[in-house]
file entry.txt (compact mmCIF, N, CA and C atoms)
# COMPACT_ATOMS: atom_id res chain seq x y z
N MET A 1290 -8.67 21.42 -11.35
CA MET A 1290 -8.01 20.15 -11.30
C MET A 1290 -7.37 19.96 -9.93
N SER A 1291 -8.13 19.41 -9.02
CA SER A 1291 -7.60 19.20 -7.68
C SER A 1291 -7.88 17.76 -7.25
N SER A 1292 -7.29 17.39 -6.16
CA SER A 1292 -7.44 16.05 -5.65
C SER A 1292 -8.00 16.13 -4.23
N ASP A 1293 -8.81 15.16 -3.86
CA ASP A 1293 -9.35 15.09 -2.51
C ASP A 1293 -8.43 14.34 -1.57
N LEU A 1294 -7.32 13.85 -2.09
CA LEU A 1294 -6.40 13.09 -1.25
C LEU A 1294 -5.63 14.03 -0.34
N ALA A 1295 -5.47 13.62 0.90
CA ALA A 1295 -4.72 14.42 1.86
C ALA A 1295 -3.53 13.60 2.34
N PRO A 1296 -2.37 14.21 2.45
CA PRO A 1296 -1.21 13.46 2.92
C PRO A 1296 -1.37 13.05 4.37
N ARG A 1297 -0.81 11.90 4.70
CA ARG A 1297 -0.84 11.43 6.08
C ARG A 1297 0.33 12.02 6.84
N PRO A 1298 0.19 12.13 8.13
CA PRO A 1298 1.33 12.60 8.93
C PRO A 1298 2.52 11.67 8.75
N ALA A 1299 3.71 12.22 8.75
CA ALA A 1299 4.93 11.43 8.52
C ALA A 1299 5.13 10.36 9.58
N ALA A 1300 4.64 10.57 10.77
CA ALA A 1300 4.86 9.63 11.87
C ALA A 1300 3.84 8.49 11.87
N ALA A 1301 2.90 8.48 10.96
CA ALA A 1301 1.84 7.47 10.96
C ALA A 1301 2.32 6.20 10.28
N ALA A 1302 3.03 5.36 11.01
CA ALA A 1302 3.51 4.09 10.48
C ALA A 1302 2.42 3.04 10.68
N PRO A 1303 2.24 2.12 9.72
CA PRO A 1303 1.21 1.10 9.86
C PRO A 1303 1.47 0.14 11.01
N ALA A 1304 2.74 -0.17 11.28
CA ALA A 1304 3.08 -1.07 12.37
C ALA A 1304 4.46 -0.71 12.89
N SER A 1305 4.61 -0.83 14.17
CA SER A 1305 5.90 -0.47 14.76
C SER A 1305 6.97 -1.48 14.36
N ALA A 1306 8.17 -1.00 14.17
CA ALA A 1306 9.29 -1.86 13.81
C ALA A 1306 10.11 -2.09 15.07
N ASP A 1307 9.62 -2.96 15.91
CA ASP A 1307 10.33 -3.24 17.15
C ASP A 1307 10.81 -4.69 17.13
N ASP A 1308 11.36 -5.13 18.24
CA ASP A 1308 11.91 -6.49 18.29
C ASP A 1308 10.96 -7.46 18.99
N ASP A 1309 9.69 -7.12 19.05
CA ASP A 1309 8.70 -8.01 19.65
C ASP A 1309 8.31 -9.05 18.61
N ASN A 1310 8.84 -10.25 18.75
CA ASN A 1310 8.60 -11.31 17.77
C ASN A 1310 7.70 -12.42 18.30
N ARG A 1311 6.91 -12.09 19.30
CA ARG A 1311 5.93 -13.07 19.78
C ARG A 1311 4.89 -13.30 18.68
N TYR A 1312 4.29 -14.46 18.68
CA TYR A 1312 3.36 -14.86 17.63
C TYR A 1312 2.27 -13.81 17.39
N LYS A 1313 1.57 -13.44 18.45
CA LYS A 1313 0.45 -12.50 18.29
C LYS A 1313 0.94 -11.12 17.83
N ALA A 1314 2.12 -10.71 18.29
CA ALA A 1314 2.67 -9.41 17.86
C ALA A 1314 3.00 -9.44 16.37
N VAL A 1315 3.57 -10.54 15.90
CA VAL A 1315 3.90 -10.66 14.48
C VAL A 1315 2.62 -10.70 13.65
N GLN A 1316 1.63 -11.45 14.12
CA GLN A 1316 0.35 -11.50 13.40
C GLN A 1316 -0.29 -10.11 13.32
N ASN A 1317 -0.21 -9.37 14.43
CA ASN A 1317 -0.77 -8.01 14.45
C ASN A 1317 -0.02 -7.09 13.49
N LYS A 1318 1.31 -7.17 13.47
CA LYS A 1318 2.11 -6.34 12.56
C LYS A 1318 1.79 -6.67 11.11
N LEU A 1319 1.69 -7.97 10.80
CA LEU A 1319 1.36 -8.37 9.43
C LEU A 1319 -0.04 -7.90 9.05
N HIS A 1320 -0.97 -7.98 9.99
CA HIS A 1320 -2.34 -7.50 9.72
C HIS A 1320 -2.34 -6.00 9.43
N LYS A 1321 -1.63 -5.23 10.26
CA LYS A 1321 -1.58 -3.78 10.06
C LYS A 1321 -0.91 -3.43 8.73
N LEU A 1322 0.17 -4.13 8.39
CA LEU A 1322 0.85 -3.86 7.13
C LEU A 1322 -0.05 -4.19 5.94
N ALA A 1323 -0.70 -5.33 5.99
CA ALA A 1323 -1.59 -5.73 4.90
C ALA A 1323 -2.73 -4.73 4.74
N THR A 1324 -3.30 -4.30 5.85
CA THR A 1324 -4.39 -3.33 5.80
C THR A 1324 -3.91 -2.00 5.21
N ALA A 1325 -2.73 -1.55 5.66
CA ALA A 1325 -2.17 -0.30 5.14
C ALA A 1325 -1.91 -0.40 3.63
N MET A 1326 -1.41 -1.54 3.18
CA MET A 1326 -1.14 -1.71 1.76
C MET A 1326 -2.43 -1.81 0.95
N ASP A 1327 -3.44 -2.46 1.51
CA ASP A 1327 -4.75 -2.50 0.84
C ASP A 1327 -5.31 -1.08 0.70
N ASP A 1328 -5.21 -0.31 1.78
CA ASP A 1328 -5.68 1.08 1.75
C ASP A 1328 -4.89 1.90 0.73
N ALA A 1329 -3.57 1.71 0.71
CA ALA A 1329 -2.72 2.44 -0.23
C ALA A 1329 -3.11 2.10 -1.67
N THR A 1330 -3.41 0.84 -1.92
CA THR A 1330 -3.82 0.43 -3.26
C THR A 1330 -5.08 1.17 -3.69
N LEU A 1331 -6.04 1.25 -2.79
CA LEU A 1331 -7.29 1.96 -3.11
C LEU A 1331 -7.05 3.45 -3.33
N GLU A 1332 -6.23 4.06 -2.48
CA GLU A 1332 -5.93 5.48 -2.63
C GLU A 1332 -5.16 5.77 -3.92
N LEU A 1333 -4.22 4.89 -4.25
CA LEU A 1333 -3.45 5.07 -5.48
C LEU A 1333 -4.34 4.91 -6.72
N GLU A 1334 -5.27 3.98 -6.66
CA GLU A 1334 -6.18 3.81 -7.79
C GLU A 1334 -7.07 5.04 -7.95
N SER A 1335 -7.50 5.61 -6.84
CA SER A 1335 -8.29 6.84 -6.89
C SER A 1335 -7.45 7.98 -7.48
N LEU A 1336 -6.21 8.07 -7.07
CA LEU A 1336 -5.31 9.09 -7.61
C LEU A 1336 -5.10 8.89 -9.11
N ARG A 1337 -4.91 7.65 -9.53
CA ARG A 1337 -4.71 7.36 -10.95
C ARG A 1337 -5.92 7.80 -11.77
N ARG A 1338 -7.11 7.45 -11.29
CA ARG A 1338 -8.33 7.84 -12.02
C ARG A 1338 -8.45 9.36 -12.11
N SER A 1339 -8.13 10.03 -11.01
CA SER A 1339 -8.19 11.49 -10.99
C SER A 1339 -7.18 12.08 -11.98
N MET A 1340 -5.98 11.55 -11.99
CA MET A 1340 -4.95 12.06 -12.91
C MET A 1340 -5.34 11.81 -14.35
N GLN A 1341 -5.91 10.64 -14.62
CA GLN A 1341 -6.33 10.32 -15.98
C GLN A 1341 -7.46 11.23 -16.42
N ALA A 1342 -8.40 11.50 -15.51
CA ALA A 1342 -9.50 12.40 -15.83
C ALA A 1342 -8.97 13.81 -16.09
N ASN A 1343 -8.01 14.24 -15.29
CA ASN A 1343 -7.41 15.57 -15.49
C ASN A 1343 -6.65 15.63 -16.82
N ALA A 1344 -6.00 14.54 -17.18
CA ALA A 1344 -5.30 14.49 -18.47
C ALA A 1344 -6.29 14.64 -19.62
N THR A 1345 -7.40 13.96 -19.53
CA THR A 1345 -8.43 14.04 -20.57
C THR A 1345 -9.02 15.44 -20.64
N ARG A 1346 -9.31 16.02 -19.47
CA ARG A 1346 -9.84 17.39 -19.44
C ARG A 1346 -8.85 18.38 -20.03
N THR A 1347 -7.57 18.19 -19.70
CA THR A 1347 -6.54 19.09 -20.21
C THR A 1347 -6.42 18.97 -21.72
N GLU A 1348 -6.54 17.76 -22.23
CA GLU A 1348 -6.53 17.56 -23.68
C GLU A 1348 -7.70 18.29 -24.34
N ASN A 1349 -8.86 18.22 -23.69
CA ASN A 1349 -10.04 18.94 -24.21
C ASN A 1349 -9.84 20.45 -24.16
N VAL A 1350 -9.19 20.94 -23.12
CA VAL A 1350 -8.89 22.37 -23.02
C VAL A 1350 -7.95 22.78 -24.15
N ALA A 1351 -6.96 21.97 -24.42
CA ALA A 1351 -6.03 22.27 -25.52
C ALA A 1351 -6.78 22.37 -26.84
N ARG A 1352 -7.72 21.47 -27.04
CA ARG A 1352 -8.53 21.51 -28.26
C ARG A 1352 -9.37 22.78 -28.30
N ASP A 1353 -9.95 23.15 -27.15
CA ASP A 1353 -10.75 24.39 -27.10
C ASP A 1353 -9.89 25.62 -27.37
N ILE A 1354 -8.66 25.61 -26.84
CA ILE A 1354 -7.74 26.73 -27.08
C ILE A 1354 -7.43 26.83 -28.57
N GLU A 1355 -7.19 25.68 -29.18
CA GLU A 1355 -6.88 25.67 -30.61
C GLU A 1355 -8.08 26.15 -31.41
N ASN A 1356 -9.28 25.68 -31.07
CA ASN A 1356 -10.50 26.09 -31.77
C ASN A 1356 -10.81 27.57 -31.58
N ALA A 1357 -10.34 28.14 -30.46
CA ALA A 1357 -10.56 29.56 -30.20
C ALA A 1357 -9.58 30.44 -30.97
N GLY A 1358 -8.61 29.81 -31.62
CA GLY A 1358 -7.68 30.56 -32.44
C GLY A 1358 -6.58 31.26 -31.66
N LEU A 1359 -6.29 30.79 -30.44
CA LEU A 1359 -5.21 31.40 -29.67
C LEU A 1359 -3.86 30.95 -30.20
N ASP A 1360 -2.84 31.58 -29.71
CA ASP A 1360 -1.47 31.26 -30.12
C ASP A 1360 -1.18 29.78 -29.94
N GLY A 1361 -0.51 29.19 -30.91
CA GLY A 1361 -0.20 27.75 -30.91
C GLY A 1361 0.65 27.30 -29.74
N LYS A 1362 1.44 28.23 -29.18
CA LYS A 1362 2.28 27.81 -28.04
C LYS A 1362 1.43 27.41 -26.85
N PHE A 1363 0.24 28.02 -26.69
CA PHE A 1363 -0.64 27.66 -25.58
C PHE A 1363 -1.23 26.26 -25.78
N VAL A 1364 -1.54 25.95 -27.02
CA VAL A 1364 -2.03 24.61 -27.35
C VAL A 1364 -0.95 23.59 -27.05
N GLU A 1365 0.28 23.88 -27.48
CA GLU A 1365 1.40 22.96 -27.28
C GLU A 1365 1.67 22.74 -25.79
N VAL A 1366 1.72 23.81 -25.03
CA VAL A 1366 2.00 23.70 -23.59
C VAL A 1366 0.88 22.91 -22.89
N THR A 1367 -0.35 23.18 -23.25
CA THR A 1367 -1.48 22.48 -22.64
C THR A 1367 -1.45 21.00 -23.00
N ASN A 1368 -1.10 20.69 -24.25
CA ASN A 1368 -0.97 19.29 -24.65
C ASN A 1368 0.16 18.61 -23.88
N LEU A 1369 1.25 19.31 -23.64
CA LEU A 1369 2.36 18.74 -22.86
C LEU A 1369 1.91 18.41 -21.44
N VAL A 1370 1.10 19.27 -20.87
CA VAL A 1370 0.57 19.00 -19.52
C VAL A 1370 -0.30 17.75 -19.56
N SER A 1371 -1.13 17.63 -20.58
CA SER A 1371 -1.99 16.46 -20.72
C SER A 1371 -1.17 15.17 -20.83
N VAL A 1372 -0.13 15.22 -21.65
CA VAL A 1372 0.73 14.04 -21.82
C VAL A 1372 1.44 13.70 -20.51
N ALA A 1373 1.91 14.74 -19.80
CA ALA A 1373 2.60 14.51 -18.52
C ALA A 1373 1.65 13.88 -17.50
N LEU A 1374 0.42 14.36 -17.44
CA LEU A 1374 -0.55 13.78 -16.51
C LEU A 1374 -0.86 12.33 -16.88
N GLY A 1375 -1.00 12.06 -18.17
CA GLY A 1375 -1.24 10.69 -18.61
C GLY A 1375 -0.07 9.78 -18.25
N GLY A 1376 1.15 10.26 -18.44
CA GLY A 1376 2.33 9.47 -18.08
C GLY A 1376 2.42 9.25 -16.58
N ALA A 1377 2.09 10.28 -15.81
CA ALA A 1377 2.11 10.13 -14.35
C ALA A 1377 1.05 9.11 -13.91
N ALA A 1378 -0.10 9.13 -14.57
CA ALA A 1378 -1.16 8.17 -14.23
C ALA A 1378 -0.69 6.73 -14.48
N ILE A 1379 0.08 6.53 -15.53
CA ILE A 1379 0.63 5.19 -15.81
C ILE A 1379 1.58 4.77 -14.70
N GLN A 1380 2.42 5.69 -14.25
CA GLN A 1380 3.37 5.36 -13.19
C GLN A 1380 2.65 5.11 -11.85
N VAL A 1381 1.59 5.85 -11.59
CA VAL A 1381 0.81 5.61 -10.38
C VAL A 1381 0.16 4.23 -10.45
N ARG A 1382 -0.26 3.83 -11.64
CA ARG A 1382 -0.83 2.49 -11.82
C ARG A 1382 0.20 1.42 -11.48
N ARG A 1383 1.45 1.62 -11.93
CA ARG A 1383 2.51 0.67 -11.60
C ARG A 1383 2.75 0.62 -10.10
N LEU A 1384 2.74 1.77 -9.46
CA LEU A 1384 2.92 1.82 -8.01
C LEU A 1384 1.76 1.14 -7.30
N SER A 1385 0.56 1.35 -7.78
CA SER A 1385 -0.63 0.70 -7.23
C SER A 1385 -0.53 -0.81 -7.36
N ASP A 1386 -0.07 -1.27 -8.52
CA ASP A 1386 0.11 -2.71 -8.73
C ASP A 1386 1.14 -3.28 -7.75
N ALA A 1387 2.22 -2.54 -7.52
CA ALA A 1387 3.25 -2.99 -6.58
C ALA A 1387 2.69 -3.03 -5.15
N ALA A 1388 1.89 -2.03 -4.80
CA ALA A 1388 1.27 -2.00 -3.47
C ALA A 1388 0.31 -3.19 -3.31
N GLN A 1389 -0.45 -3.49 -4.36
CA GLN A 1389 -1.37 -4.63 -4.29
C GLN A 1389 -0.61 -5.94 -4.16
N GLU A 1390 0.48 -6.08 -4.90
CA GLU A 1390 1.29 -7.29 -4.81
C GLU A 1390 1.86 -7.44 -3.39
N THR A 1391 2.32 -6.34 -2.83
CA THR A 1391 2.85 -6.37 -1.46
C THR A 1391 1.75 -6.75 -0.47
N ALA A 1392 0.56 -6.20 -0.64
CA ALA A 1392 -0.57 -6.55 0.23
C ALA A 1392 -0.88 -8.03 0.12
N ASP A 1393 -0.94 -8.54 -1.12
CA ASP A 1393 -1.24 -9.97 -1.32
C ASP A 1393 -0.18 -10.85 -0.66
N LEU A 1394 1.08 -10.49 -0.84
CA LEU A 1394 2.16 -11.28 -0.23
C LEU A 1394 2.12 -11.19 1.29
N THR A 1395 1.72 -10.06 1.82
CA THR A 1395 1.63 -9.91 3.27
C THR A 1395 0.50 -10.76 3.81
N HIS A 1396 -0.64 -10.79 3.13
CA HIS A 1396 -1.74 -11.67 3.55
C HIS A 1396 -1.28 -13.13 3.52
N GLU A 1397 -0.57 -13.50 2.47
CA GLU A 1397 -0.06 -14.86 2.33
C GLU A 1397 0.94 -15.19 3.45
N THR A 1398 1.81 -14.24 3.75
CA THR A 1398 2.79 -14.45 4.82
C THR A 1398 2.10 -14.61 6.16
N LYS A 1399 1.08 -13.81 6.41
CA LYS A 1399 0.34 -13.91 7.68
C LYS A 1399 -0.31 -15.29 7.81
N SER A 1400 -0.88 -15.77 6.71
CA SER A 1400 -1.51 -17.09 6.72
C SER A 1400 -0.47 -18.19 6.95
N THR A 1401 0.64 -18.11 6.25
CA THR A 1401 1.70 -19.11 6.41
C THR A 1401 2.25 -19.08 7.83
N HIS A 1402 2.47 -17.91 8.37
CA HIS A 1402 2.96 -17.76 9.75
C HIS A 1402 1.97 -18.40 10.71
N SER A 1403 0.69 -18.18 10.48
CA SER A 1403 -0.34 -18.77 11.33
C SER A 1403 -0.33 -20.30 11.25
N GLN A 1404 -0.18 -20.83 10.03
CA GLN A 1404 -0.14 -22.28 9.86
C GLN A 1404 1.07 -22.89 10.56
N LEU A 1405 2.21 -22.20 10.46
CA LEU A 1405 3.44 -22.74 11.04
C LEU A 1405 3.51 -22.61 12.55
N TYR A 1406 3.02 -21.50 13.09
CA TYR A 1406 3.24 -21.20 14.50
C TYR A 1406 1.99 -21.04 15.34
N GLY A 1407 0.81 -21.05 14.73
CA GLY A 1407 -0.43 -20.84 15.47
C GLY A 1407 -0.69 -21.91 16.52
N ALA A 1408 -0.52 -23.16 16.15
CA ALA A 1408 -0.77 -24.26 17.10
C ALA A 1408 0.23 -24.20 18.25
N LEU A 1409 1.48 -23.90 17.93
CA LEU A 1409 2.50 -23.79 18.98
C LEU A 1409 2.15 -22.66 19.94
N ASP A 1410 1.68 -21.54 19.42
CA ASP A 1410 1.29 -20.43 20.28
C ASP A 1410 0.11 -20.82 21.16
N ASP A 1411 -0.84 -21.57 20.62
CA ASP A 1411 -1.98 -22.03 21.43
C ASP A 1411 -1.49 -22.89 22.60
N ILE A 1412 -0.54 -23.78 22.31
CA ILE A 1412 -0.01 -24.64 23.37
C ILE A 1412 0.70 -23.80 24.42
N ARG A 1413 1.57 -22.91 23.97
CA ARG A 1413 2.34 -22.08 24.91
C ARG A 1413 1.43 -21.15 25.69
N SER A 1414 0.42 -20.61 25.06
CA SER A 1414 -0.47 -19.64 25.72
C SER A 1414 -1.37 -20.28 26.76
N ASN A 1415 -1.68 -21.56 26.58
CA ASN A 1415 -2.62 -22.23 27.48
C ASN A 1415 -1.94 -23.03 28.58
N ARG A 1416 -0.65 -22.98 28.67
CA ARG A 1416 0.08 -23.67 29.75
C ARG A 1416 0.14 -22.78 30.98
N ARG A 1417 0.12 -23.42 32.12
CA ARG A 1417 0.31 -22.67 33.36
C ARG A 1417 1.80 -22.45 33.61
N GLU A 1418 2.63 -23.42 33.17
CA GLU A 1418 4.06 -23.33 33.37
C GLU A 1418 4.68 -22.40 32.34
N LYS A 1419 5.73 -21.73 32.73
CA LYS A 1419 6.46 -20.89 31.79
C LYS A 1419 7.23 -21.78 30.83
N THR A 1420 7.34 -21.35 29.61
CA THR A 1420 8.12 -22.09 28.61
C THR A 1420 9.21 -21.16 28.09
N PRO A 1421 10.29 -21.75 27.57
CA PRO A 1421 11.37 -20.90 27.05
C PRO A 1421 10.89 -20.04 25.90
N ARG A 1422 11.50 -18.88 25.78
CA ARG A 1422 11.19 -17.99 24.65
C ARG A 1422 11.75 -18.61 23.37
N PRO A 1423 11.13 -18.27 22.23
CA PRO A 1423 11.67 -18.77 20.96
C PRO A 1423 13.14 -18.40 20.83
N GLY A 1424 13.92 -19.36 20.36
CA GLY A 1424 15.36 -19.12 20.17
C GLY A 1424 16.20 -19.52 21.36
N PHE A 1425 15.57 -19.88 22.47
CA PHE A 1425 16.32 -20.22 23.69
C PHE A 1425 17.26 -21.39 23.45
N PHE A 1426 16.80 -22.41 22.73
CA PHE A 1426 17.60 -23.60 22.52
C PHE A 1426 18.66 -23.43 21.42
N ASN A 1427 18.68 -22.31 20.76
CA ASN A 1427 19.65 -22.06 19.70
C ASN A 1427 20.95 -21.47 20.22
N ARG A 1428 21.05 -21.25 21.50
CA ARG A 1428 22.24 -20.61 22.07
C ARG A 1428 23.38 -21.58 22.19
call {"tool": "encode", "arguments": {"input": "entry.txt", "output": "structure tokens"}}
result
Amino acid sequence: MSSDLAPRPAAAAPASADDDNRYKAVQNKLHKLATAMDDATLELESLRRSMQANATRTENVARDIENAGLDGKFVEVTNLVSVALGGAAIQVRRLSDAAQETADLTHETKSTHSQLYGALDDIRSNRREKTPRPGFFNR
């Protein structure tokens, strides 16, 4: 009962959390976050399936132990492992659902951001003259 999933390095952030709020930088950060969350959803679903399969196998092992006439405590302990794996699979499913919801909202946010600020960025990017940075007139 093993998993092919490998942990990622702790420093591998999907997007940097800096103060660069230019249009293209925000679009890039949203894209990276959405992609990371989509990937996480797929990995979590794979983990859930693996855990569920292991729970089923463990349940079958408990049945085999019982049929072999071994001590009942081994059957009980093996069944507890099966139940724990099944419960963990349910929680991984909930986490996967939350990751998918976050990915969907991030895609939606990226689209809304593009609708609101994309044309303005095109205008600012294609001018020869410098224009004030966002927030300049709010001072």
call {"tool": "residues_around", "arguments": {"input": "entry.txt", "residues": "region 1378-1393 of chain A", "least_positions_apart": "5", "cutoff": "7 Å", "atoms": "all atoms listed in the file", "output": "PyMOL selection string"}}
result
chain A and resi 1322-1324+1326-1327+1329-1330+1333-1334+1336-1338+1340-1341+1373+1398
call {"tool": "atom_distance", "arguments": {"input": "entry.txt", "atom1": "CA of His1320 (chain A)", "atom2": "CA of Thr1401 (chain A)"}}
result
12.7 Å
call {"tool": "residues_around", "arguments": {"input": "entry.txt", "residues": "region 1365-1369 of chain A", "least_positions_apart": "3", "cutoff": "8 Å", "atoms": "all atoms listed in the file", "output": "compact mmCIF listing (two decimals) with N, CA and C atoms, keeping the file's coordinate frame"}}
result
# COMPACT_ATOMS: atom_id res chain seq x y z
N THR A 1347 -7.57 18.19 -19.70
CA THR A 1347 -6.54 19.09 -20.21
C THR A 1347 -6.42 18.97 -21.72
N GLU A 1348 -6.54 17.76 -22.23
CA GLU A 1348 -6.53 17.56 -23.68
C GLU A 1348 -7.70 18.29 -24.34
N ASN A 1349 -8.86 18.22 -23.69
CA ASN A 1349 -10.04 18.94 -24.21
C ASN A 1349 -9.84 20.45 -24.16
N VAL A 1350 -9.19 20.94 -23.12
CA VAL A 1350 -8.89 22.37 -23.02
C VAL A 1350 -7.95 22.78 -24.15
N ALA A 1351 -6.96 21.97 -24.42
CA ALA A 1351 -6.03 22.27 -25.52
C ALA A 1351 -6.78 22.37 -26.84
N ARG A 1352 -7.72 21.47 -27.04
CA ARG A 1352 -8.53 21.51 -28.26
C ARG A 1352 -9.37 22.78 -28.30
N GLU A 1355 -7.19 25.68 -29.18
CA GLU A 1355 -6.88 25.67 -30.61
C GLU A 1355 -8.08 26.15 -31.41
N ASP A 1360 -2.84 31.58 -29.71
CA ASP A 1360 -1.47 31.26 -30.12
C ASP A 1360 -1.18 29.78 -29.94
N GLY A 1361 -0.51 29.19 -30.91
CA GLY A 1361 -0.20 27.75 -30.91
C GLY A 1361 0.65 27.30 -29.74
N LYS A 1362 1.44 28.23 -29.18
CA LYS A 1362 2.28 27.81 -28.04
C LYS A 1362 1.43 27.41 -26.85
N VAL A 1372 -0.13 15.22 -21.65
CA VAL A 1372 0.73 14.04 -21.82
C VAL A 1372 1.44 13.70 -20.51
N ALA A 1373 1.91 14.74 -19.80
CA ALA A 1373 2.60 14.51 -18.52
C ALA A 1373 1.65 13.88 -17.50
N LEU A 1374 0.42 14.36 -17.44
CA LEU A 1374 -0.55 13.78 -16.51
C LEU A 1374 -0.86 12.33 -16.88
N GLY A 1375 -1.00 12.06 -18.17
CA GLY A 1375 -1.24 10.69 -18.61
C GLY A 1375 -0.07 9.78 -18.25
call {"tool": "select_by_dssp", "arguments": {"input": "entry.txt", "residues": "chain A", "states": "helix (DSSP H, G or I)", "output": "ChimeraX atom specification"}}
result
/A:1312-1356,1361-1414,1425-1427
call {"tool": "atom_distance", "arguments": {"input": "entry.txt", "atom1": "atom N of Gln1404 (chain A)", "atom2": "atom N of Lys1321 (chain A)"}}
result
15.7 Å
call {"tool": "atom_distance", "arguments": {"input": "entry.txt", "atom1": "atom N of Gly1376 (chain A)", "atom2": "atom C of Leu1359 (chain A)"}}
result
24.3 Å
call {"tool": "residues_around", "arguments": {"input": "entry.txt", "residues": "Tyr1406 (chain A)", "least_positions_apart": "6", "cutoff": "8 Å", "atoms": "all atoms listed in the file", "output": "PyMOL selection string"}}
result
chain A and resi 1312+1400+1412
call {"tool": "closest_residue", "arguments": {"input": "entry.txt", "among": "A:Asn1343, A:Ser1403, A:Asn1427, A:Ser1414", "to": "Ser1371 (chain A)", "atoms": "only N, CA and C atoms"}}
result
A:Asn1343
